[in-house]
>>> print(open('my_file_31.txt').read())   # compact mmCIF, C-alpha atoms and all ligand atoms
# COMPACT_ATOMS: atom_id res chain seq x y z
CA MET A 6 0.00 0.00 0.00
CA LYS A 7 1.09 3.53 -0.82
CA THR A 8 0.02 6.90 0.58
CA ALA A 9 -1.39 9.90 -1.29
CA ILE A 10 -2.78 13.30 -0.44
CA THR A 11 -5.39 15.31 -2.35
CA ILE A 12 -4.66 18.60 -4.11
CA SER A 13 -7.49 20.81 -5.39
CA GLN A 14 -7.05 23.59 -7.93
CA VAL A 15 -10.77 24.30 -8.31
CA PRO A 16 -11.40 27.81 -6.95
CA ILE A 17 -15.16 27.39 -6.43
CA ASP A 18 -14.51 24.28 -4.35
CA THR A 19 -14.03 25.80 -0.91
CA ALA A 20 -15.65 23.16 1.29
CA GLY A 21 -14.64 19.93 -0.47
CA PRO A 22 -12.54 17.13 1.03
CA PHE A 23 -9.18 18.27 -0.30
CA VAL A 24 -6.13 18.91 1.83
CA LEU A 25 -3.79 21.06 -0.26
CA ARG A 26 -5.07 24.04 -2.23
CA THR A 27 -1.95 26.11 -2.90
CA PRO A 28 -0.62 26.38 -6.50
CA LEU A 29 0.69 23.05 -7.79
CA PRO A 30 4.44 23.70 -7.32
CA THR A 31 4.01 24.41 -3.60
CA ALA A 32 1.36 21.73 -3.14
CA PHE A 33 3.68 19.09 -4.64
CA ALA A 34 6.53 20.33 -2.44
CA SER A 35 4.31 20.08 0.66
CA ALA A 36 3.12 16.56 -0.23
CA ALA A 37 6.71 15.40 -0.62
CA ALA A 38 7.85 17.16 2.56
CA PHE A 39 5.08 15.45 4.58
CA GLY A 40 6.30 12.10 3.24
CA PHE A 41 3.47 10.98 0.93
CA ASP A 42 4.18 8.62 -1.99
CA GLY A 43 1.77 10.34 -4.35
CA VAL A 44 -0.83 13.02 -4.95
CA GLU A 45 -4.43 12.84 -6.16
CA LEU A 46 -5.38 15.77 -8.38
CA PHE A 47 -8.72 17.60 -8.44
CA LEU A 48 -8.50 20.02 -11.38
CA PRO A 49 -11.05 22.35 -13.05
CA ASP A 50 -10.68 20.50 -16.38
CA ALA A 51 -8.20 18.57 -18.51
CA ASP A 52 -6.67 21.77 -19.96
CA PHE A 53 -5.80 23.40 -16.64
CA ILE A 54 -2.12 22.44 -16.92
CA SER A 55 -0.09 20.39 -19.39
CA SER A 56 0.74 16.78 -18.55
CA GLU A 57 4.42 17.61 -19.21
CA GLU A 58 4.39 20.19 -16.41
CA VAL A 59 2.71 17.78 -14.01
CA ASN A 60 5.12 14.96 -14.91
CA ALA A 61 8.03 17.36 -14.30
CA LEU A 62 6.66 18.33 -10.86
CA ALA A 63 6.09 14.68 -9.97
CA ALA A 64 9.62 13.73 -10.99
CA ALA A 65 11.17 16.71 -9.20
CA HIS A 66 9.47 15.73 -5.94
CA GLY A 67 9.61 11.94 -6.31
CA LEU A 68 5.80 11.68 -6.25
CA ALA A 69 3.42 9.43 -8.18
CA ILE A 70 0.12 10.71 -9.53
CA ALA A 71 -2.21 8.39 -7.64
CA ALA A 72 -5.37 9.40 -9.51
CA VAL A 73 -7.18 12.25 -11.22
CA GLY A 74 -10.69 13.28 -10.13
CA THR A 75 -13.51 14.45 -12.40
CA GLY A 76 -15.91 16.00 -9.87
CA ALA A 77 -15.28 19.50 -11.25
CA GLY A 78 -17.48 18.57 -14.22
CA MET A 79 -20.42 18.31 -11.80
CA LEU A 80 -19.35 21.14 -9.53
CA ARG A 81 -18.64 23.68 -12.27
CA HIS A 82 -20.99 22.61 -15.07
CA GLY A 83 -23.62 20.37 -13.43
CA LEU A 84 -22.59 17.51 -15.73
CA SER A 85 -23.40 13.85 -15.09
CA ILE A 86 -23.05 10.76 -17.26
CA THR A 87 -26.55 9.60 -16.31
CA ALA A 88 -28.37 12.87 -17.13
CA ALA A 89 -31.83 12.47 -18.68
CA ALA A 90 -30.88 14.29 -21.90
CA ALA A 91 -28.55 12.45 -24.30
CA GLU A 92 -26.61 15.61 -25.21
CA LYS A 93 -25.95 16.30 -21.51
CA ARG A 94 -24.65 12.74 -21.08
CA GLU A 95 -22.36 13.20 -24.08
CA ALA A 96 -21.03 16.50 -22.69
CA ALA A 97 -20.32 14.76 -19.38
CA LEU A 98 -18.57 11.88 -21.11
CA ALA A 99 -16.49 14.30 -23.20
CA PHE A 100 -15.32 15.95 -19.96
CA VAL A 101 -14.41 12.60 -18.34
CA LEU A 102 -12.76 11.19 -21.50
CA ALA A 103 -10.56 14.29 -21.78
CA MET A 104 -9.55 13.82 -18.15
CA ILE A 105 -8.78 10.13 -18.85
CA ASP A 106 -6.45 11.20 -21.69
CA PHE A 107 -4.80 13.76 -19.39
CA GLY A 108 -4.44 11.20 -16.58
CA GLY A 109 -3.20 8.59 -19.05
CA ARG A 110 -0.29 10.85 -19.99
CA LEU A 111 0.54 10.88 -16.24
CA HIS A 112 0.19 7.06 -16.03
CA ALA A 113 -2.67 7.75 -13.62
CA PRO A 114 -6.20 6.36 -13.46
CA THR A 115 -9.21 8.68 -13.50
CA ILE A 116 -12.11 8.53 -11.03
CA LEU A 117 -15.85 8.70 -11.67
CA GLY A 118 -17.38 9.92 -8.40
CA SER A 119 -19.95 12.70 -8.30
CA MET A 120 -20.19 12.80 -12.11
CA GLN A 121 -22.05 9.49 -12.01
CA GLY A 122 -25.01 11.67 -11.07
CA ARG A 123 -28.38 10.35 -9.98
CA CYS A 124 -30.99 8.21 -11.63
CA PRO A 125 -33.16 10.79 -13.48
CA ALA A 126 -36.57 11.52 -11.89
CA GLY A 127 -39.27 9.27 -13.33
CA THR A 128 -36.70 6.73 -14.50
CA SER A 129 -36.29 3.31 -12.91
CA ARG A 130 -33.06 2.60 -11.04
CA GLU A 131 -32.42 -0.22 -13.54
CA ALA A 132 -32.52 2.29 -16.40
CA GLY A 133 -30.18 4.59 -14.45
CA LEU A 134 -27.77 1.71 -13.89
CA GLU A 135 -27.87 0.92 -17.63
CA LEU A 136 -26.82 4.49 -18.40
CA LEU A 137 -24.08 4.26 -15.78
CA ALA A 138 -22.81 0.95 -17.15
CA SER A 139 -22.73 2.20 -20.73
CA GLY A 140 -20.78 5.32 -19.63
CA LEU A 141 -18.40 3.20 -17.56
CA ARG A 142 -17.74 0.97 -20.57
CA ARG A 143 -16.70 3.91 -22.75
CA CYS A 144 -14.47 5.32 -19.98
CA ALA A 145 -12.88 1.93 -19.30
CA GLU A 146 -12.13 1.41 -23.00
CA ARG A 147 -10.48 4.83 -23.25
CA ALA A 148 -8.45 4.20 -20.06
CA ALA A 149 -7.30 0.84 -21.46
CA ARG A 150 -5.68 2.66 -24.41
CA HIS A 151 -3.43 4.36 -21.83
CA GLY A 152 -2.75 1.12 -19.99
CA VAL A 153 -4.51 2.27 -16.81
CA PRO A 154 -7.75 1.17 -15.17
CA PHE A 155 -10.80 3.40 -14.74
CA ILE A 156 -11.99 3.93 -11.17
CA TYR A 157 -15.67 3.88 -10.17
CA GLU A 158 -16.63 5.23 -6.73
CA PRO A 159 -19.87 4.32 -4.94
CA LEU A 160 -21.10 7.35 -2.97
CA ASN A 161 -23.37 7.74 0.02
CA ARG A 162 -27.15 8.10 -0.42
CA TYR A 163 -27.06 11.91 -0.16
CA GLU A 164 -24.83 12.12 -3.26
CA THR A 165 -26.24 9.40 -5.55
CA ASN A 166 -29.09 6.89 -5.75
CA LEU A 167 -27.14 4.59 -8.11
CA CYS A 168 -24.56 2.56 -6.15
CA ASN A 169 -24.12 3.34 -2.46
CA ARG A 170 -22.29 0.18 -1.45
CA LEU A 171 -19.28 -1.69 -2.78
CA THR A 172 -21.24 -4.91 -3.31
CA GLU A 173 -23.81 -3.09 -5.50
CA ALA A 174 -20.98 -1.65 -7.59
CA ALA A 175 -19.22 -5.02 -7.86
CA ARG A 176 -22.51 -6.58 -9.01
CA LEU A 177 -22.84 -3.87 -11.68
CA LEU A 178 -19.31 -4.61 -12.97
CA ASP A 179 -19.96 -8.35 -13.01
CA HIS A 180 -23.45 -8.12 -14.54
CA HIS A 181 -22.24 -5.92 -17.43
CA ALA A 182 -18.86 -7.68 -17.72
CA LEU A 183 -17.15 -4.33 -17.33
CA GLY A 184 -13.44 -5.05 -17.62
CA ASN A 185 -10.77 -2.50 -16.74
CA VAL A 186 -12.99 -0.83 -14.11
CA VAL A 187 -11.87 -0.97 -10.48
CA LEU A 188 -13.76 0.18 -7.41
CA LEU A 189 -12.91 2.99 -5.04
CA ALA A 190 -13.54 2.34 -1.35
CA ASP A 191 -14.11 5.78 0.19
CA LEU A 192 -14.19 4.98 3.90
CA PHE A 193 -16.25 8.13 4.60
CA HIS A 194 -19.09 7.04 2.29
CA MET A 195 -18.73 3.48 3.56
CA ASN A 196 -19.18 4.62 7.16
CA ILE A 197 -22.64 5.86 6.15
CA GLU A 198 -23.66 2.93 3.95
CA GLU A 199 -21.84 -0.29 4.87
CA PRO A 200 -22.88 -2.37 7.91
CA ASP A 201 -19.22 -3.25 8.47
CA LEU A 202 -16.19 -1.74 6.71
CA PRO A 203 -13.73 -4.68 6.86
CA THR A 204 -16.42 -7.12 5.68
CA ALA A 205 -17.26 -4.85 2.73
CA ILE A 206 -13.56 -4.50 1.84
CA ARG A 207 -13.05 -8.27 1.94
CA ALA A 208 -16.17 -8.86 -0.20
CA ALA A 209 -15.04 -6.30 -2.80
CA GLY A 210 -11.69 -8.11 -2.92
CA LYS A 211 -10.29 -8.27 -6.44
CA HIS A 212 -12.42 -5.34 -7.63
CA LEU A 213 -10.78 -2.84 -5.28
CA GLY A 214 -8.36 -0.44 -6.97
CA HIS A 215 -8.27 2.77 -4.91
CA VAL A 216 -9.04 3.90 -1.36
CA HIS A 217 -10.08 7.31 -0.04
CA PHE A 218 -8.65 7.09 3.44
CA ALA A 219 -10.99 9.22 5.55
CA ASP A 220 -12.47 8.94 9.00
CA SER A 221 -16.22 8.82 9.78
CA ASN A 222 -16.47 12.64 9.91
CA ARG A 223 -14.38 13.02 6.73
CA GLN A 224 -11.45 14.29 8.73
CA ALA A 225 -8.01 12.65 8.86
CA MET A 226 -8.05 9.04 10.06
CA GLY A 227 -7.95 9.10 13.85
CA PHE A 228 -10.00 12.33 14.16
CA GLY A 229 -13.32 10.40 13.94
CA HIS A 230 -14.57 7.05 15.21
CA THR A 231 -13.48 4.61 12.47
CA ASP A 232 -11.44 1.61 13.55
CA ALA A 233 -8.70 2.19 10.97
CA GLY A 234 -6.76 -0.89 12.02
CA LYS A 235 -9.58 -3.26 11.09
CA SER A 236 -9.98 -1.74 7.62
CA LEU A 237 -6.22 -1.71 7.03
CA ALA A 238 -5.99 -5.33 8.12
CA ALA A 239 -8.78 -6.23 5.66
CA LEU A 240 -6.95 -4.38 2.88
CA ARG A 241 -3.78 -6.26 3.69
CA GLU A 242 -5.74 -9.52 3.71
CA ILE A 243 -7.01 -8.95 0.15
CA HIS A 244 -3.45 -8.00 -0.90
CA TYR A 245 -4.47 -4.46 -1.75
CA SER A 246 -1.39 -2.70 -3.12
CA GLY A 247 -2.89 0.60 -4.32
CA PHE A 248 -3.05 4.03 -2.70
CA LEU A 249 -4.52 5.11 0.62
CA SER A 250 -5.43 8.60 -0.54
CA ALA A 251 -6.35 11.27 1.99
CA GLU A 252 -9.49 12.75 0.48
CA ILE A 253 -10.35 14.58 3.68
CA LEU A 254 -11.25 17.98 5.05
CA PRO A 255 -8.20 20.14 5.79
CA LEU A 256 -9.03 20.30 9.51
CA PRO A 257 -7.91 21.71 11.87
CA ASP A 258 -5.48 22.82 9.16
CA PRO A 259 -3.90 21.14 6.10
CA ALA A 260 -0.61 20.28 7.82
CA ALA A 261 -2.29 18.70 10.85
CA ALA A 262 -4.63 16.69 8.59
CA ALA A 263 -1.72 15.48 6.45
CA ARG A 264 0.44 14.52 9.45
CA GLN A 265 -2.44 12.73 11.21
CA THR A 266 -3.11 10.65 8.08
CA LEU A 267 0.47 9.39 7.99
CA LEU A 268 0.55 8.93 11.76
CA SER A 269 -2.53 6.69 11.67
CA ILE A 270 -0.96 4.46 9.01
CA ARG A 271 2.44 4.34 10.68
CA SER A 272 0.96 3.47 14.08
CA TRP A 273 -0.97 0.61 12.53
CA LEU A 274 2.15 -0.63 10.74
CA ALA A 275 4.09 -0.48 13.99
CA THR A 276 1.53 -2.47 15.96
CA SER A 277 0.06 -4.88 13.42
CA ARG A 278 1.56 -8.32 13.25
CA ARG A 279 2.92 -9.26 9.86
CA LYS A 280 2.52 -12.76 8.55
CA PRO A 281 5.85 -14.52 7.93
CA GLY A 282 7.03 -13.89 4.39
CA HIS A 283 4.43 -11.11 3.91
CA ARG A 284 5.54 -8.43 1.45
CA GLU A 285 4.20 -4.97 2.11
CA GLY A 286 4.66 -1.87 -0.04
CA LEU A 287 4.36 0.52 2.87
CA THR A 288 7.45 0.58 5.01
CA ASP A 289 7.77 1.80 8.55
CA ASN A 290 9.44 4.91 7.09
CA ASN A 291 6.21 5.95 5.42
C1 LIG B 301 -15.35 12.06 -4.50
O1 LIG B 301 -14.23 11.22 -4.35
C2 LIG B 301 -16.26 11.92 -3.37
O2 LIG B 301 -16.01 11.19 -2.46
C3 LIG B 301 -17.52 12.67 -3.40
O3 LIG B 301 -18.06 12.74 -2.10
C4 LIG B 301 -17.45 14.05 -3.94
O4 LIG B 301 -17.04 14.95 -2.97
MN MN B 302 -14.20 9.98 -2.41
>>> encode(input="my_file_31.txt", output="structure tokens")
Amino acid sequence: MKTAITISQVPIDTAGPFVLRTPLPTAFASAAAFGFDGVELFLPDADFISSEEVNALAAAHGLAIAAVGTGAGMLRHGLSITAAAAEKREAALAFVLAMIDFGGRLHAPTILGSMQGRCPAGTSREAGLELLASGLRRCAERAARHGVPFIYEPLNRYETNLCNRLTEAARLLDHHALGNVVLLADLFHMNIEEPDLPTAIRAAGKHLGHVHFADSNRQAMGFGHTDAGKSLAALREIHYSGFLSAEILPLPDPAAAARQTLLSIRSWLATSRRKPGHREGLTDNN
């Protein structure tokens, strides 16, 4: 497992769960100074900055690009890939596909979170899921051209009525034979929707490709009431080797949130018993 921290460059996003909001050169420098392995980028659109500039920043600071978010398409333009009108769905897909191409040039997967939208009023959930699946298929095919997976994120009931739980999302992938799509376990959403976090993580198993590492109140892990150790142990059990990305509120301030995230992971590493011969990406230096 590797660690990542979120960076937002979307000016109208003032209350979102993003830790670093300074211009990219300083945000990358901060992420590296805290000791993260990578950064997750939340950008206004795919043309905000060139992939060459981002790759140069990543190389200069020894950071990976863990993932690229697409939520700005919803936040700034109200776009969703399950909108009732076909032209709105196409506009949403164009936004996400451009972000996939941008992320691909960074060797990073792109996330579909809030841009999945909601099942349109007067439409059955089945029809909404069909729209979601057909959008996911096009995104996954585009991501495959870049040799990266596409990430789908179930959200809590206040943000979508499509998939709220990991098992529902896994069923959607299986039912539509959606290859090259992995699931994002956002522990904040899961705290609202899943009866038990470690059980849900184990059940998602092979589908899991990204984690938003947040406590129950969406603050840094350890500032809420999640039992982080049990979820981390479940992730280790399923041999999860992706990122634990801090998509959290910058509270009480960005530095404290960043440090607490790493502290929670390091304390677990220090106390958890490793199985003999177990290979773990995260070292005690992380
Ligand atoms: C995006 O990753 C997410 O978790 C949503 O709640 C949008 O904020
Ligand atoms: Mn999330």
>>> axis_aligned_box(input="my_file_31.txt", around="ligand LIG 301 (chain B)", padding_each_side="8 Å", output="AutoDock Vina command-line options")
--center_x -16.1 --center_y 13.1 --center_z -3.3 --size_x 19.8 --size_y 19.8 --size_z 18.4
>>> closest_residue(input="my_file_31.txt", among="A:Glu95, A:Leu25, A:Val216, A:Gln14", to="Ala262 in chain A", atoms="all atoms listed in the file")
A:Leu25
>>> closest_atom_pairs(input="my_file_31.txt", of="chain A", to="ligand LIG 301 (chain B)", cutoff="8 Å", atoms="all atoms listed in the file", output="tab-separated table")
residue	atom	partner	partner_atom	distance
A:Gly21	CA	B:LIG301	O4	6.1
A:Pro22	CA	B:LIG301	O4	6.4
A:Gly74	CA	B:LIG301	O1	7.1
A:Gly76	CA	B:LIG301	C4	6.4
A:Ile116	CA	B:LIG301	O1	7.5
A:Leu117	CA	B:LIG301	O1	7.9
A:Gly118	CA	B:LIG301	C1	4.9
A:Ser119	CA	B:LIG301	C4	5.2
A:Glu158	CA	B:LIG301	O1	6.9
A:Leu160	CA	B:LIG301	O3	6.2
A:Asn161	CA	B:LIG301	O3	7.6
A:Glu164	CA	B:LIG301	O3	6.9
A:Asp191	CA	B:LIG301	O2	6.3
A:Phe193	CA	B:LIG301	O2	7.7
A:His194	CA	B:LIG301	O2	7.0
A:His217	CA	B:LIG301	O1	7.1
A:Glu252	CA	B:LIG301	O1	6.9
>>> residues_around(input="my_file_31.txt", residues="Leu171 in chain A", least_positions_apart="5", cutoff="8 Å", atoms="all atoms listed in the file", output="list in words")
Pro159, Leu188, Ala190, Ala205, Ile206 and Ala209 of chain A
>>> closest_residue(input="my_file_31.txt", among="A:Arg147, A:Asp106, A:His215, A:Pro259", to="Thr27 in chain A", atoms="all atoms listed in the file")
A:Pro259
>>> atom_distance(input="my_file_31.txt", atom1="CA of Ala38 in chain A", atom2="CA of Leu237 in chain A")
24.0 Å
>>> atom_distance(input="my_file_31.txt", atom1="CA of Thr115 in chain A", atom2="CA of Ala72 in chain A")
5.6 Å
>>> residues_around(input="my_file_31.txt", residues="Ala36 in chain A", least_positions_apart="6", cutoff="9 Å", atoms="only C-alpha atoms", output="VMD selection string")
chain A and resid 9 to 12 25 42 to 44 66 68 263
>>> closest_residue(input="my_file_31.txt", among="A:Ser250, A:Ser85, A:Ser56, A:Thr172", to="ligand MN 302 (chain B)", atoms="only C-alpha atoms and all ligand atoms")
A:Ser250
>>> residues_around(input="my_file_31.txt", residues="Pro114 in chain A", least_positions_apart="2", cutoff="12 Å", atoms="only C-alpha atoms", output="number ranges by chain")
A: 45-46, 69-75, 101-102, 104-112, 116-117, 144-145, 147-157, 185-189, 214-215, 247-248
>>> closest_residue(input="my_file_31.txt", among="A:Leu240, A:Met195, A:Leu167, A:Val59", to="ligand MN 302 (chain B)", atoms="all atoms listed in the file")
A:Met195
